[in-house]
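Everything below concerns the one structure shown next.
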Amino acid sequence: ALRFNGTGAASYIELNTNSTPRLTIDSTGNVGIGTTAPDAMMTVNNNAAIQAPGASYDGTALHVTGANAAKTRVLIDSFGTNLGGRMTLRAARGTAASPTALQQYDVMGSYGVGGYGASAYGAPTSQILFQAGENWTNSAQGTYMSMYTTNNGSTTNTERMRIESNGNVGIGTTTPAYLLDVQMANASPKIAVTNTDSSSAQYPGVNAVNYMGAAAAGYPTFTVSNYRGTGGVPAV
C-alpha cells in the first residue's frame, strides 16, 4: 500500500507491504529503506535500531546499517572479460555546475575505518588517502597516496607510508627520495629479514643487482652507516 501522510513540512510518503513500512520518503526528500526516519539522503537499515552518522561523518549521503551479529556487505557483480566490479571516486574544485581543476595537495578521496569508543563513534582512525600531486590540467594529472594508522592509546591517525607520483615509497617520511626510503626517529631503527623455516638451509638477505649495457658504468650498492654526533666512521 502507498500512503501519503501529513501536509506541508510534516508530510511524507510511505510504501507498505504486509502492513509494515518498507520505504519512506520524508519531508526533506531523504529516502529510507527499512526505516521511517532516514538520517541521510539514502538510509538502508536492517536493524531495529540505527545510529546517526554524527559530526565525525558529516556529508553522509548513503548510510547502511546491518543486522546485529551479522556481516554487512555491499556486493557488486560484473560479467565479461576483465570487467571486475569497481568503485571510483572523483573530485573537482568549483561546483557541480561549474567544476574547476584540482590543485596540488587537494584530497581526491579516501577509504577510512572508524569505530565506537566508550560513548560515541569517533572519526576514522585508519585510512588510505588519495591526493593531487600537482596542479591539474588535461595533460598533467599526477597523484600520490598515503596510508594512516593510529597508535594504541591515541585517537590521532598518523601517516605511515606514502607512494609518491614518481613511484617512490616512503615509510616514516612524506618526501621519499628513493624507490624505497625508510626513516625512523627511533633510537634503534631496523629492517629485519628472517627465515623461519628451521628445517632448511635457506639464507635470508637483501640482494642488490644492477643490469647495464656494455658501454654503461655503475654498480649496485647496499650501504649500512652508523654515526655518532655530527660525524664518525661508518660501521657495519
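Identifiers for the C-alpha cells are assigned positionally: chains receive A, B, ... in sequence, residues are indexed from 1 per chain, and ligands are indexed from 1 in the order shown.
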Quick one: pick out all helix (DSSP H, G or I) residues within chain A from a backbone DSSP run and write them as a PyMOL selection string. chain A and resi 8-10+55-57
Since we have the selection now, will you write its residues out, keeping N, CA and C atoms, as an mmCIF file, in the first residue's frame?
data_model
loop_
_atom_site.group_PDB
_atom_site.id
_atom_site.type_symbol
_atom_site.label_atom_id
_atom_site.label_comp_id
_atom_site.auth_asym_id
_atom_site.auth_seq_id
_atom_site.Cartn_x
_atom_site.Cartn_y
_atom_site.Cartn_z
ATOM 1 N N GLY A 8 2.382 19.876 4.258
ATOM 2 C CA GLY A 8 3.442 20.854 4.472
ATOM 3 C C GLY A 8 4.740 20.209 4.917
ATOM 4 N N ALA A 9 5.407 20.838 5.909
ATOM 5 C CA ALA A 9 6.721 20.391 6.364
ATOM 6 C C ALA A 9 6.685 19.029 7.043
ATOM 7 N N ALA A 10 5.517 18.592 7.490
ATOM 8 C CA ALA A 10 5.403 17.314 8.196
ATOM 9 C C ALA A 10 4.988 16.169 7.288
ATOM 10 N N ALA A 55 28.715 14.050 13.826
ATOM 11 C CA ALA A 55 29.549 15.120 13.287
ATOM 12 C C ALA A 55 30.815 14.597 12.620
ATOM 13 N N SER A 56 31.347 13.465 13.108
ATOM 14 C CA SER A 56 32.583 12.926 12.531
ATOM 15 C C SER A 56 32.378 12.415 11.116
ATOM 16 N N TYR A 57 31.130 12.206 10.726
ATOM 17 C CA TYR A 57 30.832 11.658 9.407
ATOM 18 C C TYR A 57 29.852 12.572 8.667
#
Which residues are close to region 162-175 of chain A, i.e. within 8 Å by only C-alpha atoms, leaving aside same-chain residues fewer than 5 positions away? Reply as a VMD selection string. chain A and resid 133 142 to 147 180 to 184
Which residue out of A:Tyr148, A:Met41, A:Arg93, A:Thr36 has the minimum interatomic distance to Val113 (chain A) when only C-alpha atoms are used? A:Tyr148
List every residue of region 43-195 of chain A that DSSP, applied to the backbone of this structure, places in strand (DSSP E), and write the result as JSON, numbers by chain. {"A": [43, 44, 45, 62, 63, 64, 65, 93, 94, 99, 100, 107, 108, 109, 110, 111, 112, 113, 126, 127, 128, 129, 130, 131, 132, 143, 144, 145, 146, 147, 148, 149, 150, 157, 158, 159, 160, 161, 162, 163, 169, 170, 171, 180, 181, 182]}
Here CA of Leu75 (chain A) and CA of Thr125 (chain A) stand apart by 24.3 Å
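For the pair CA of Thr65 (chain A) and CA of Gln127 (chain A), the interatomic distance is 20.5 Å.
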Interatomic distance, CA of Pro38 (chain A) to CA of Ser126 (chain A) (Å, one decimal): 27.1 Å
